[in-house]
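Text of coords_9.cif, listed as mmCIF, C-alpha atoms:
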data_coords
#
loop_
_atom_site.label_atom_id
_atom_site.label_comp_id
_atom_site.auth_asym_id
_atom_site.auth_seq_id
_atom_site.Cartn_x
_atom_site.Cartn_y
_atom_site.Cartn_z
CA MET A 599 -30.04 -12.08 8.57
CA ASP A 600 -30.03 -9.11 6.15
CA VAL A 601 -28.94 -9.06 2.53
CA LEU A 602 -28.14 -6.32 0.01
CA THR A 603 -28.49 -7.37 -3.62
CA ASN A 604 -28.13 -5.77 -7.05
CA ILE A 605 -25.02 -3.81 -6.05
CA SER A 606 -23.30 -2.38 -9.12
CA GLN A 607 -19.95 -1.99 -7.34
CA LEU A 608 -19.07 -3.12 -3.82
CA ALA A 609 -15.96 -1.39 -2.49
CA THR A 610 -14.62 -3.56 0.33
CA CYS A 611 -11.65 -1.24 1.10
CA PRO A 612 -9.37 -3.85 2.70
CA ASP A 613 -6.66 -2.71 5.08
CA ASN A 614 -2.92 -3.17 4.49
CA ASN A 615 -2.84 -3.03 0.71
CA ASP A 616 -2.14 -0.35 -1.89
CA GLN A 617 -4.04 2.89 -1.22
CA ALA A 618 -5.61 2.76 -4.68
CA ASP A 619 -6.92 -0.81 -4.20
CA ILE A 620 -10.49 -0.54 -2.91
CA GLY A 621 -11.20 -4.25 -3.41
CA CYS A 622 -14.06 -3.84 -5.89
CA ILE A 623 -16.59 -6.57 -6.53
CA GLU A 624 -18.94 -5.94 -9.46
CA ASP A 625 -22.58 -7.14 -9.48
CA ALA A 626 -22.32 -8.01 -5.82
CA ALA A 627 -24.32 -9.01 -2.78
CA LEU A 628 -23.61 -8.48 0.91
CA VAL A 629 -24.89 -10.31 3.99
CA TRP A 630 -24.79 -9.28 7.66
CA GLU A 631 -26.12 -10.69 10.91
CA HIS A 632 -26.01 -9.45 14.51
CA GLY A 633 -24.23 -6.28 13.40
CA LYS A 634 -21.35 -8.07 11.63
CA ILE A 635 -20.54 -8.73 7.98
CA ARG A 636 -21.08 -12.42 7.31
CA TRP A 637 -20.64 -12.89 3.53
CA LEU A 638 -19.89 -10.83 0.42
CA GLY A 639 -19.20 -11.65 -3.19
CA LYS A 640 -20.73 -11.90 -6.64
CA GLN A 641 -24.51 -12.04 -6.45
CA VAL A 642 -24.55 -15.15 -8.65
CA ASP A 643 -22.49 -16.85 -5.92
CA LEU A 644 -24.85 -15.93 -3.05
CA PRO A 645 -25.13 -19.12 -0.95
CA ALA A 646 -28.52 -20.78 -0.91
CA GLU A 647 -28.80 -20.37 2.87
CA TYR A 648 -29.03 -16.59 2.39
CA GLN A 649 -31.32 -16.49 -0.62
CA LYS A 650 -34.50 -16.72 1.44
CA SER A 651 -33.46 -13.95 3.83
CA TYR A 652 -34.92 -10.46 3.56
CA ALA A 653 -33.09 -8.67 0.75
CA GLN A 654 -32.88 -4.96 -0.04
CA ASP A 655 -32.48 -4.33 -3.77
CA CYS A 656 -29.82 -1.63 -4.27
CA SER A 657 -30.99 -0.94 -7.83
CA GLY A 658 -27.48 -0.94 -9.25
CA LYS A 659 -25.96 1.48 -6.76
CA LEU A 660 -22.51 1.77 -5.18
CA VAL A 661 -21.97 0.27 -1.72
CA ILE A 662 -19.04 1.38 0.45
CA PRO A 663 -17.97 1.06 4.08
CA GLY A 664 -19.46 3.66 6.39
CA LEU A 665 -17.28 6.75 6.12
CA ILE A 666 -14.93 7.71 8.97
CA ASP A 667 -14.17 11.33 9.80
CA CYS A 668 -10.90 10.92 11.69
CA HIS A 669 -10.27 14.59 12.59
CA THR A 670 -13.00 16.86 13.97
CA HIS A 671 -13.46 19.47 16.69
CA LEU A 672 -17.10 18.51 17.16
CA CYS A 673 -17.93 20.22 20.45
CA PHE A 674 -17.70 24.02 20.49
CA GLY A 675 -19.62 27.13 21.39
CA GLY A 676 -20.55 29.77 18.84
CA TRP A 677 -19.41 30.24 15.25
CA ARG A 678 -16.95 32.65 13.59
CA GLY A 679 -18.57 33.90 10.41
CA ASN A 680 -17.08 37.34 10.98
CA GLU A 681 -13.60 35.86 10.53
CA PHE A 682 -14.66 34.37 7.21
CA ALA A 683 -15.34 37.87 5.92
CA GLN A 684 -12.06 39.15 7.37
CA ARG A 685 -10.04 36.45 5.62
CA ILE A 686 -11.73 37.23 2.30
CA ALA A 687 -10.75 40.86 2.86
CA GLY A 688 -7.11 39.80 3.22
CA LYS A 689 -6.51 39.12 6.92
CA SER A 690 -4.46 36.00 7.65
CA TYR A 691 -5.40 33.33 10.17
CA LEU A 692 -2.50 34.38 12.39
CA GLU A 693 -3.41 38.07 12.18
CA ILE A 694 -6.98 37.34 13.25
CA ALA A 695 -5.75 35.20 16.14
CA ALA A 696 -3.32 37.90 17.28
CA ALA A 697 -6.22 40.39 17.42
CA GLY A 698 -8.16 38.17 19.84
CA GLY A 699 -10.07 36.08 17.31
CA GLY A 700 -9.40 32.53 16.23
CA ILE A 701 -9.29 29.70 18.72
CA ALA A 702 -9.32 32.09 21.69
CA SER A 703 -12.73 33.45 20.73
CA THR A 704 -14.15 29.93 20.50
CA VAL A 705 -12.65 29.11 23.90
CA LYS A 706 -14.62 31.97 25.41
CA ALA A 707 -17.82 30.89 23.67
CA THR A 708 -17.36 27.26 24.72
CA ARG A 709 -16.70 28.18 28.34
CA ASP A 710 -19.88 30.28 28.29
CA THR A 711 -22.04 27.49 26.79
CA SER A 712 -23.73 24.90 29.00
CA PHE A 713 -23.11 21.18 28.78
CA GLN A 714 -26.65 20.63 27.53
CA ASP A 715 -26.40 23.27 24.81
CA LEU A 716 -23.04 21.93 23.63
CA LYS A 717 -24.48 18.42 23.47
CA GLN A 718 -27.54 19.57 21.55
CA LYS A 719 -25.41 21.42 18.99
CA ALA A 720 -23.06 18.46 18.51
CA THR A 721 -26.05 16.13 18.13
CA GLY A 722 -27.32 18.21 15.23
CA LEU A 723 -23.94 18.11 13.53
CA LEU A 724 -23.74 14.33 13.96
CA ASP A 725 -27.22 13.89 12.50
CA GLU A 726 -26.10 15.75 9.37
CA MET A 727 -22.94 13.66 9.12
CA LEU A 728 -24.81 10.37 9.53
CA ALA A 729 -27.10 11.26 6.64
CA LEU A 730 -23.98 11.65 4.46
CA GLY A 731 -22.85 8.10 5.27
CA VAL A 732 -20.46 8.93 8.12
CA THR A 733 -20.64 6.23 10.80
CA THR A 734 -17.51 6.86 12.92
CA VAL A 735 -16.15 10.24 14.09
CA GLU A 736 -13.00 11.23 15.96
CA CYS A 737 -13.75 14.26 18.15
CA LYS A 738 -11.27 16.51 19.93
CA SER A 739 -11.56 18.74 22.95
CA GLY A 740 -9.39 21.86 22.99
CA TYR A 741 -11.91 24.69 23.31
CA GLY A 742 -12.09 24.61 27.09
CA LEU A 743 -8.41 25.09 27.96
CA ASP A 744 -8.99 24.84 31.69
CA PHE A 745 -9.72 21.87 33.92
CA ASP A 746 -13.50 22.14 34.13
CA ASN A 747 -14.21 23.03 30.52
CA GLU A 748 -11.89 20.47 28.95
CA ILE A 749 -13.61 17.85 31.08
CA LYS A 750 -16.98 19.31 30.05
CA GLN A 751 -16.21 18.81 26.36
CA LEU A 752 -15.09 15.23 26.88
CA GLU A 753 -18.17 14.51 29.00
CA VAL A 754 -20.29 15.74 26.08
CA TYR A 755 -18.64 13.10 23.89
CA ALA A 756 -19.19 10.39 26.52
CA ALA A 757 -22.88 11.27 26.72
CA LEU A 758 -23.27 11.39 22.95
CA GLN A 759 -21.69 7.95 22.62
CA GLN A 760 -24.63 6.59 24.61
CA GLU A 761 -27.36 8.59 22.91
CA GLN A 762 -26.82 8.44 19.13
CA PRO A 763 -25.67 5.78 16.64
CA ILE A 764 -22.33 7.14 15.35
CA ASP A 765 -19.28 5.68 17.08
CA LEU A 766 -17.22 8.48 18.66
CA VAL A 767 -13.48 8.33 19.36
CA ALA A 768 -12.48 11.05 21.83
CA THR A 769 -9.14 12.89 21.72
CA PHE A 770 -7.84 15.24 24.41
CA LEU A 771 -6.50 18.45 22.82
CA GLY A 772 -5.94 20.58 25.90
CA ALA A 773 -2.71 21.59 24.16
CA HIS A 774 -4.52 23.51 21.44
CA ILE A 775 -3.25 27.00 22.25
CA ILE A 776 -2.02 28.59 25.48
CA PRO A 777 -5.11 30.16 27.13
CA ALA A 778 -5.03 33.92 27.67
CA GLU A 779 -4.81 33.68 31.46
CA PHE A 780 -1.56 31.69 31.11
CA LYS A 781 0.00 33.88 28.41
CA ASP A 782 2.92 34.90 30.65
CA LYS A 783 3.19 31.59 32.52
CA ARG A 784 3.14 28.94 29.82
CA SER A 785 4.98 26.38 31.91
CA GLU A 786 2.22 26.48 34.54
CA TYR A 787 -0.40 25.58 31.94
CA VAL A 788 1.75 22.77 30.58
CA GLU A 789 2.01 21.47 34.14
CA LEU A 790 -1.79 21.68 34.50
CA LEU A 791 -2.13 19.50 31.41
CA ILE A 792 0.47 16.98 32.54
CA GLY A 793 -0.14 16.91 36.27
CA GLN A 794 -3.91 17.24 36.49
CA LEU A 795 -5.87 16.87 33.26
CA LEU A 796 -4.08 13.91 31.68
CA PRO A 797 -4.30 11.73 34.83
CA GLU A 798 -7.97 12.65 35.43
CA ILE A 799 -8.95 11.94 31.84
CA LYS A 800 -7.10 8.64 31.84
CA GLN A 801 -8.63 7.53 35.13
CA ARG A 802 -12.13 8.31 33.88
CA GLN A 803 -11.43 6.95 30.38
CA LEU A 804 -12.77 10.13 28.77
CA ALA A 805 -10.30 10.08 25.86
CA GLU A 806 -8.27 7.48 24.02
CA PHE A 807 -5.78 9.83 22.33
CA CYS A 808 -3.83 12.96 23.22
CA ASP A 809 -3.20 15.57 20.53
CA CYS A 810 -0.97 18.66 20.54
CA TYR A 811 -0.97 21.63 18.17
CA ILE A 812 2.67 22.51 17.44
CA ASP A 813 2.86 25.70 15.41
CA GLU A 814 3.44 29.43 15.55
CA GLY A 815 0.95 30.85 18.04
CA ALA A 816 0.43 27.45 19.65
CA TYR A 817 3.02 25.09 21.23
CA THR A 818 6.74 24.82 20.71
CA LEU A 819 8.34 21.56 19.69
CA GLU A 820 9.78 21.02 23.17
CA GLU A 821 6.49 21.81 24.90
CA GLY A 822 4.80 19.34 22.59
CA ARG A 823 7.39 16.68 23.31
CA GLN A 824 6.93 17.14 27.06
CA ILE A 825 3.14 16.86 26.87
CA LEU A 826 3.05 13.95 24.46
CA GLN A 827 5.68 11.93 26.31
CA ALA A 828 3.68 12.36 29.52
CA ALA A 829 0.55 11.22 27.69
CA ALA A 830 2.31 8.19 26.25
CA GLU A 831 3.51 7.19 29.73
CA LEU A 832 -0.13 7.16 30.87
CA GLY A 833 -1.13 4.97 27.93
CA PHE A 834 -2.71 7.49 25.57
CA GLY A 835 -2.32 7.08 21.83
CA LEU A 836 -0.65 10.10 20.26
CA LYS A 837 -1.68 12.52 17.53
CA ILE A 838 -0.04 15.79 16.44
CA HIS A 839 -1.28 18.85 14.55
CA ALA A 840 1.90 19.24 12.50
CA GLU A 841 3.39 21.55 9.89
CA GLN A 842 0.17 23.44 9.16
CA LEU A 843 1.00 27.15 9.12
CA THR A 844 4.77 26.99 9.65
CA TYR A 845 7.44 24.30 9.55
CA THR A 846 8.32 23.23 13.10
CA GLY A 847 9.69 19.68 12.95
CA ALA A 848 6.46 18.33 14.45
CA ALA A 849 6.08 15.63 11.79
CA ALA A 850 9.50 14.24 12.67
CA LEU A 851 8.46 14.30 16.33
CA ALA A 852 5.31 12.34 15.45
CA ALA A 853 7.45 9.67 13.82
CA GLU A 854 9.94 9.66 16.70
CA LEU A 855 7.22 9.19 19.33
CA GLY A 856 5.31 6.61 17.28
CA ALA A 857 2.22 8.79 16.92
CA ILE A 858 -0.69 7.06 15.25
CA SER A 859 -1.28 10.11 13.07
CA ALA A 860 0.21 13.43 12.02
CA GLU A 861 -2.48 15.87 10.90
CA HIS A 862 -2.45 18.80 8.42
CA LEU A 863 1.15 18.52 7.05
CA GLU A 864 0.80 21.29 4.48
CA ARG A 865 4.48 22.18 5.03
CA ILE A 866 6.07 18.78 5.59
CA SER A 867 9.56 18.13 4.21
CA SER A 868 10.55 15.19 2.03
CA ASP A 869 12.78 13.85 4.81
CA ASP A 870 9.85 13.94 7.22
CA GLN A 871 7.75 11.96 4.76
CA LYS A 872 10.34 9.19 4.96
CA HIS A 873 10.25 9.32 8.77
CA LEU A 874 6.46 8.97 8.81
CA ALA A 875 6.59 6.06 6.37
CA LYS A 876 9.15 4.22 8.49
CA ALA A 877 7.13 4.83 11.67
CA GLY A 878 3.83 3.73 10.07
CA THR A 879 2.22 7.02 11.05
CA VAL A 880 -0.92 7.98 9.12
CA ALA A 881 -0.97 11.39 7.44
CA VAL A 882 -4.39 13.02 7.91
CA SER A 883 -5.18 15.52 5.16
CA LEU A 884 -7.71 18.28 5.80
CA PRO A 885 -8.53 19.86 2.44
CA LEU A 886 -11.50 21.90 3.66
CA ALA A 887 -9.18 23.83 5.98
CA SER A 888 -6.88 24.58 3.05
CA MET A 889 -9.88 25.78 1.05
CA TYR A 890 -11.26 28.03 3.79
CA LEU A 891 -7.84 29.46 4.64
CA LYS A 892 -6.91 29.82 0.95
CA ASP A 893 -3.72 27.97 1.85
CA ASP A 894 -1.59 25.25 0.31
CA TYR A 895 -3.03 21.75 0.07
CA ILE A 896 -1.13 18.78 1.43
CA ASP A 897 1.15 17.06 -1.10
CA ALA A 898 -0.69 13.77 -0.85
CA ARG A 899 0.83 12.38 -4.03
CA SER A 900 4.39 12.51 -2.70
CA LEU A 901 3.30 11.16 0.68
CA ILE A 902 1.61 8.15 -0.91
CA GLU A 903 4.61 7.54 -3.16
CA ALA A 904 6.85 7.72 -0.08
CA GLY A 905 4.79 4.94 1.51
CA VAL A 906 2.74 7.06 3.92
CA PRO A 907 -0.97 6.16 4.14
CA VAL A 908 -3.07 9.30 3.66
CA ALA A 909 -6.43 9.72 5.36
CA VAL A 910 -8.97 12.40 4.45
CA ALA A 911 -11.05 14.21 7.10
CA THR A 912 -13.04 17.42 7.48
CA ASP A 913 -11.32 19.22 10.40
CA LEU A 914 -14.85 20.35 11.37
CA ASN A 915 -14.41 23.43 13.57
CA PRO A 916 -15.98 26.89 13.78
CA GLY A 917 -13.02 28.80 12.35
CA SER A 918 -10.88 27.23 9.63
CA SER A 919 -13.24 24.46 8.48
CA PRO A 920 -16.88 25.06 9.49
CA SER A 921 -18.24 22.02 7.65
CA GLY A 922 -18.70 18.36 8.47
CA HIS A 923 -19.31 17.42 4.83
CA LEU A 924 -16.81 14.61 4.37
CA PRO A 925 -17.76 13.87 0.72
CA LEU A 926 -16.93 17.51 -0.09
CA ALA A 927 -13.53 17.08 1.58
CA MET A 928 -13.04 13.93 -0.50
CA LEU A 929 -13.81 15.83 -3.70
CA GLN A 930 -11.31 18.53 -2.70
CA ALA A 931 -8.69 15.84 -2.12
CA CYS A 932 -9.25 14.57 -5.66
CA LEU A 933 -9.09 18.02 -7.23
CA TYR A 934 -6.29 19.63 -5.24
CA GLN A 935 -4.29 16.81 -3.64
CA ALA A 936 -3.80 14.68 -6.78
CA MET A 937 -5.57 11.71 -5.17
CA SER A 938 -7.63 9.34 -7.29
CA PRO A 939 -11.25 8.66 -6.27
CA ALA A 940 -10.18 5.19 -5.13
CA GLU A 941 -7.34 6.60 -3.01
CA VAL A 942 -9.71 9.12 -1.47
CA LEU A 943 -12.26 6.45 -0.62
CA LYS A 944 -9.59 4.40 1.15
CA GLY A 945 -8.52 7.61 2.90
CA ALA A 946 -12.00 8.07 4.34
CA THR A 947 -12.55 4.42 5.26
CA SER A 948 -9.85 1.86 6.10
CA ILE A 949 -6.96 4.34 6.35
CA ALA A 950 -9.07 6.71 8.44
CA ALA A 951 -9.84 3.70 10.65
CA LYS A 952 -6.09 3.13 11.05
CA ALA A 953 -5.70 6.76 12.18
CA ILE A 954 -7.99 5.98 15.14
CA ALA A 955 -6.80 2.39 15.78
CA ARG A 956 -10.07 0.87 14.55
CA GLU A 957 -8.95 -0.87 11.35
CA SER A 958 -9.79 -4.34 12.68
CA THR A 959 -13.46 -3.47 13.19
CA VAL A 960 -14.53 -0.61 10.89
CA GLY A 961 -13.50 0.98 7.60
CA SER A 962 -13.69 -2.23 5.54
CA LEU A 963 -16.53 -4.47 4.37
CA LEU A 964 -15.02 -7.83 5.24
CA PRO A 965 -16.37 -10.82 7.17
CA GLY A 966 -16.21 -10.11 10.90
CA HIS A 967 -16.13 -6.32 10.54
CA GLN A 968 -18.98 -4.17 11.81
CA ALA A 969 -21.85 -3.82 9.37
CA ASP A 970 -21.26 -0.08 8.87
CA ILE A 971 -22.44 0.49 5.32
CA ALA A 972 -23.28 3.43 3.06
CA ILE A 973 -25.24 3.12 -0.17
CA ILE A 974 -24.42 5.77 -2.76
CA ASP A 975 -26.57 6.80 -5.71
CA ALA A 976 -23.84 6.21 -8.28
CA GLU A 977 -22.75 3.25 -10.33
CA ASP A 978 -19.12 3.43 -9.18
CA ILE A 979 -16.66 5.43 -7.11
CA ASN A 980 -15.43 7.52 -10.06
CA HIS A 981 -18.93 8.73 -10.89
CA TRP A 982 -19.69 9.53 -7.25
CA MET A 983 -16.64 11.75 -6.86
CA TYR A 984 -17.07 13.37 -10.28
CA HIS A 985 -20.81 14.16 -9.97
CA PHE A 986 -20.88 16.08 -6.69
CA ARG A 987 -24.27 16.59 -5.09
CA ALA A 988 -25.45 17.87 -1.72
CA ASN A 989 -25.94 14.28 -0.64
CA ALA A 990 -25.68 11.21 -2.88
CA CYS A 991 -26.04 8.83 0.07
CA VAL A 992 -29.39 7.01 -0.07
CA GLY A 993 -28.87 4.43 2.67
CA VAL A 994 -26.93 4.16 5.92
CA ILE A 995 -26.56 1.04 8.07
CA LYS A 996 -24.77 1.31 11.41
CA ASN A 997 -23.89 -1.82 13.38
CA GLY A 998 -26.34 -3.71 11.15
CA VAL A 999 -29.25 -1.34 11.83
CA TRP A 1000 -30.77 0.85 9.13
CA GLN A 1001 -30.45 4.54 10.04
CA HIS A 1002 -31.50 6.03 6.68
CA ASN A 1003 -33.15 4.36 3.70
CA ARG A 1004 -34.12 6.35 0.60
CA LEU A 1005 -33.79 3.47 -1.87
#

Since I need it in another form, could you write the structure as structure tokens?
Amino acid sequence: MDVLTNISQLATCPDNNDQADIGCIEDAALVWEHGKIRWLGKQVDLPAEYQKSYAQDCSGKLVIPGLIDCHTHLCFGGWRGNEFAQRIAGKSYLEIAAAGGGIASTVKATRDTSFQDLKQKATGLLDEMLALGVTTVECKSGYGLDFDNEIKQLEVYAALQQEQPIDLVATFLGAHIIPAEFKDKRSEYVELLIGQLLPEIKQRQLAEFCDCYIDEGAYTLEEGRQILQAAAELGFGLKIHAEQLTYTGAAALAAELGAISAEHLERISSDDQKHLAKAGTVAVSLPLASMYLKDDYIDARSLIEAGVPVAVATDLNPGSSPSGHLPLAMLQACLYQAMSPAEVLKGATSIAAKAIARESTVGSLLPGHQADIAIIDAEDINHWMYHFRANACVGVIKNGVWQHNRL
């Protein structure tokens, strides 16, 4: 039995309520046992049976659910710092991609990098994320773009799931772009995805979700429909990179197909917002990508008002968002997406959990949920978001086990 006491504000972040309602309990205590939350409430109400258990004094700090990064491209070869300089000099993302940079350059680097080196690099990134309070991470493939290398990326995730504490949720993104060798035979690559990779990945249970990037320079709406319908028939959950650089109708497709999430959405229409709300599809905002690309930010305010739950994630990748700093993405969402600190916290906890079909186990601090807990050196959520620091997280508990403790 473990107990946290002297919590200034405990944000329970319950699922299925208003996005701004983080379920705060002031002057709280929290109890867990065998990796599960057992009791929470006012410290003065702590039951006598728990008062003799070992207690960690939180010294008046904020306690939140472990953060969930529900959109990353964790496994990749190389970096693309040269493109950063090109964008500052005025080149657009699409111009860089057309000249052989962008995703295609990372595909080459990933194909040239060994399984072991990819795993080692991803391990380092996960270690940094864990120290920030991130305890669950969605991770996409999509930098292999052939049979062997897409499988290689997903095998990295399977190995990492066994070797480090963060829970990983794997997504197959073989439909990221059309690889160069299939430039003039797109339909053959789509058939490779549908006829070979999807069945193999499903049989080996290497991914839970299938994603598709529908945009200029990537996949057409009809190609995306074909791939995602095939994935759904095999039992994959669906995600879509939608309306990022150009408007394509991909958000409406996400709603039509019952996708669990539509991600990016910088150019979504008001009608599409209504479709997502009706379908119960989560909108995943990626403010770091907007910052790095000097692009529009998602209109989170209108999405929330339309009834669409909005998650916040990093989009960690080597090109358009080379950072796994989820608290920085949360700050950006406050400043540029008109989201309150409370709405942002829900977006990185219980709503992010919904975007990966984990809301019944993680993302909330409620009895029966996993004891995934972050302790923040702030008295409340408003102060944490307002007073940005490199890392305000002073304690991380994953599945009831302390991973970091700087209290």

Practice problem: Write out as a ChimeraX atom specification which residues come within 9 Å of Ala931 (chain A) when counting all atoms listed in the file, dropping same-chain ones fewer than 2 positions away. | Solution: /A:883-886,895-896,898,910,926-929,933-939,942

Output C-alpha atoms of each residue in that selection to a file, as a short mmCIF file (atom, residue, chain, number, x, y, z; two decimals), in the frame of the given file.
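Produced file again_33.cif, reproduced below:
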data_model
loop_
_atom_site.label_atom_id
_atom_site.label_comp_id
_atom_site.auth_asym_id
_atom_site.auth_seq_id
_atom_site.Cartn_x
_atom_site.Cartn_y
_atom_site.Cartn_z
CA SER A 883 -5.18 15.52 5.16
CA LEU A 884 -7.71 18.28 5.80
CA PRO A 885 -8.53 19.86 2.44
CA LEU A 886 -11.50 21.90 3.66
CA TYR A 895 -3.03 21.75 0.07
CA ILE A 896 -1.13 18.78 1.43
CA ALA A 898 -0.69 13.77 -0.85
CA VAL A 910 -8.97 12.40 4.45
CA LEU A 926 -16.93 17.51 -0.09
CA ALA A 927 -13.53 17.08 1.58
CA MET A 928 -13.04 13.93 -0.50
CA LEU A 929 -13.81 15.83 -3.70
CA LEU A 933 -9.09 18.02 -7.23
CA TYR A 934 -6.29 19.63 -5.24
CA GLN A 935 -4.29 16.81 -3.64
CA ALA A 936 -3.80 14.68 -6.78
CA MET A 937 -5.57 11.71 -5.17
CA SER A 938 -7.63 9.34 -7.29
CA PRO A 939 -11.25 8.66 -6.27
CA VAL A 942 -9.71 9.12 -1.47
#

Show me, as CSV, the residues of region 746-808 of chain A having an atom within 10 Å of region 673-677 of chain A, each with the closest atom pair and its distance in Å, using all atoms listed in the file.
residue,atom,partner,partner_atom,distance
A:Lys750,CA,A:Cys673,CA,9.7
A:Gln751,CA,A:Cys673,CA,6.3
A:Leu752,CA,A:Cys673,CA,8.6
A:Val754,CA,A:Cys673,CA,7.6
A:Tyr755,CA,A:Cys673,CA,7.9

Quiz item: Could you tell me, as JSON, numbers by chain, which residues have any atom at most 12 Å from (-17.2, 17.7, 0.5), counting only C-alpha atoms?
Solution: {"A": [667, 727, 730, 884, 885, 886, 887, 889, 910, 911, 912, 913, 914, 919, 920, 921, 922, 923, 924, 925, 926, 927, 928, 929, 930, 931, 932, 933, 942, 946, 982, 983, 984, 985, 986, 987, 988, 989, 990]}

Self-check item: Matched chain/residue IDs from the PyMOL selection byres ((chain A and resi 772) around 10), as a PyMOL selection string
Solution: chain A and resi 738-745+747-749+769-771+773-777+787-788+790-792+795-796+808-811+825

Self-check item: Shell of 7 Å around Arg865 (chain A), all atoms listed in the file, local chain residues under 5 positions omitted, as a PyMOL selection string
Solution: chain A and resi 841-842+844-845

Practice problem: Tell me which of A:Val642, A:Ala955, A:Ile995, A:Ile902 sits closest to Ala969 (chain A), counting all atoms listed in the file. | Solution: A:Ile995

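Between CA of Tyr691 (chain A) and CA of Asp893 (chain A) the separation is 10.0 Å.
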
Quiz prompt | Expansion of the PyMOL selection byres ((chain A and resi 873) around 10) into residues, as a ChimeraX atom specification | solution = /A:849-854,867-872,874-879,904,906

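Ranking A:Ile949, A:Cys656, A:Gly700, A:Ala909 by their shortest atom-to-atom distance to Arg685 (chain A), with all atoms listed in the file included, puts A:Gly700 first.
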
Exercise. For CA of Ile971 (chain A) and CA of Gly993 (chain A), determine how far apart the two atoms are, in Å to one decimal place.
Key: 8.0 Å

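Shortest separation to Glu786 (chain A) among A:Thr708, A:Leu863, A:Glu821, A:Glu977 occurs at residue A:Glu821, atoms counted being only C-alpha atoms.
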
Quiz item: Could you work out how far CA of Leu832 (chain A) lies from CA of Ala768 (chain A), giving the answer in Å with one decimal?
Solution: 15.8 Å

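Across A:Cys737, A:Leu891, A:Cys611, A:Ala618, the tightest approach to Gln684 (chain A) is made by A:Leu891 when counting all atoms listed in the file.
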
Any chance you could work out the axis-aligned box around region 689-693 of chain A, listed atoms only, 6 Å on each side, giving centre and edge lengths in Å to one decimal, as AutoDock Vina command-line options?
--center_x -4.5 --center_y 36.2 --center_z 9.7 --size_x 16.0 --size_y 17.8 --size_z 17.5

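Among the candidates A:Ala627, A:Leu963, A:Leu602, A:Ile954, the one nearest to Asp643 (chain A) when counting all atoms listed in the file is A:Ala627.
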
Self-check item: Output of the PyMOL selection byres ((chain A and resi 664) around 8), listed as a VMD selection string
Solution: chain A and resid 662 to 663 665 to 666 731 to 734 947 960 to 961 970 to 972 994 to 996

Practice problem: Compare A:Gln801, A:Ala720, A:Pro916, A:Asp897 by their minimum atom-to-atom distance to Val705 (chain A), counting only C-alpha atoms, and give me the closest one. | Solution: A:Pro916

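Omitting Gln607 (chain A) and its sequence neighbours fewer than 4 positions away, and counting all atoms listed in the file, the residues within 9 Å are Cys622, Ile623, Glu624, Asp625, Ala626, Gly658, Lys659, Leu660, Val661, Ile662, Glu977, Asp978 and Ile979 of chain A.
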
Hey, can you spit out that residue selection with C-alpha atoms as an mmCIF file, in the coordinates of the input?
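As a result, part.cif now contains:
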data_model
loop_
_atom_site.group_PDB
_atom_site.id
_atom_site.type_symbol
_atom_site.label_atom_id
_atom_site.label_comp_id
_atom_site.auth_asym_id
_atom_site.auth_seq_id
_atom_site.Cartn_x
_atom_site.Cartn_y
_atom_site.Cartn_z
ATOM 1 C CA CYS A 622 -14.060 -3.840 -5.890
ATOM 2 C CA ILE A 623 -16.590 -6.570 -6.530
ATOM 3 C CA GLU A 624 -18.940 -5.940 -9.460
ATOM 4 C CA ASP A 625 -22.580 -7.140 -9.480
ATOM 5 C CA ALA A 626 -22.320 -8.010 -5.820
ATOM 6 C CA GLY A 658 -27.480 -0.940 -9.250
ATOM 7 C CA LYS A 659 -25.960 1.480 -6.760
ATOM 8 C CA LEU A 660 -22.510 1.770 -5.180
ATOM 9 C CA VAL A 661 -21.970 0.270 -1.720
ATOM 10 C CA ILE A 662 -19.040 1.380 0.450
ATOM 11 C CA GLU A 977 -22.750 3.250 -10.330
ATOM 12 C CA ASP A 978 -19.120 3.430 -9.180
ATOM 13 C CA ILE A 979 -16.660 5.430 -7.110
#

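Proximity to Arg678 (chain A) at 10 Å, evaluated using all atoms listed in the file and with sequence-adjacent residues fewer than 4 positions away removed, yields Phe682, Ala683, Gly699, Gly700, Ile701, Ser703, Thr704, Asn915, Pro916, Gly917, Ser918 and Pro920 of chain A.
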
Prev. selection, C-alpha atoms, output as a PDB file, in the frame of the given file:
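What landed in result_1.pdb:
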ATOM      1  CA  PHE A 682     -14.660  34.370   7.210  1.00  0.00           C
ATOM      2  CA  ALA A 683     -15.340  37.870   5.920  1.00  0.00           C
ATOM      3  CA  GLY A 699     -10.070  36.080  17.310  1.00  0.00           C
ATOM      4  CA  GLY A 700      -9.400  32.530  16.230  1.00  0.00           C
ATOM      5  CA  ILE A 701      -9.290  29.700  18.720  1.00  0.00           C
ATOM      6  CA  SER A 703     -12.730  33.450  20.730  1.00  0.00           C
ATOM      7  CA  THR A 704     -14.150  29.930  20.500  1.00  0.00           C
ATOM      8  CA  ASN A 915     -14.410  23.430  13.570  1.00  0.00           C
ATOM      9  CA  PRO A 916     -15.980  26.890  13.780  1.00  0.00           C
ATOM     10  CA  GLY A 917     -13.020  28.800  12.350  1.00  0.00           C
ATOM     11  CA  SER A 918     -10.880  27.230   9.630  1.00  0.00           C
ATOM     12  CA  PRO A 920     -16.880  25.060   9.490  1.00  0.00           C
TER      13      PRO A 920
END
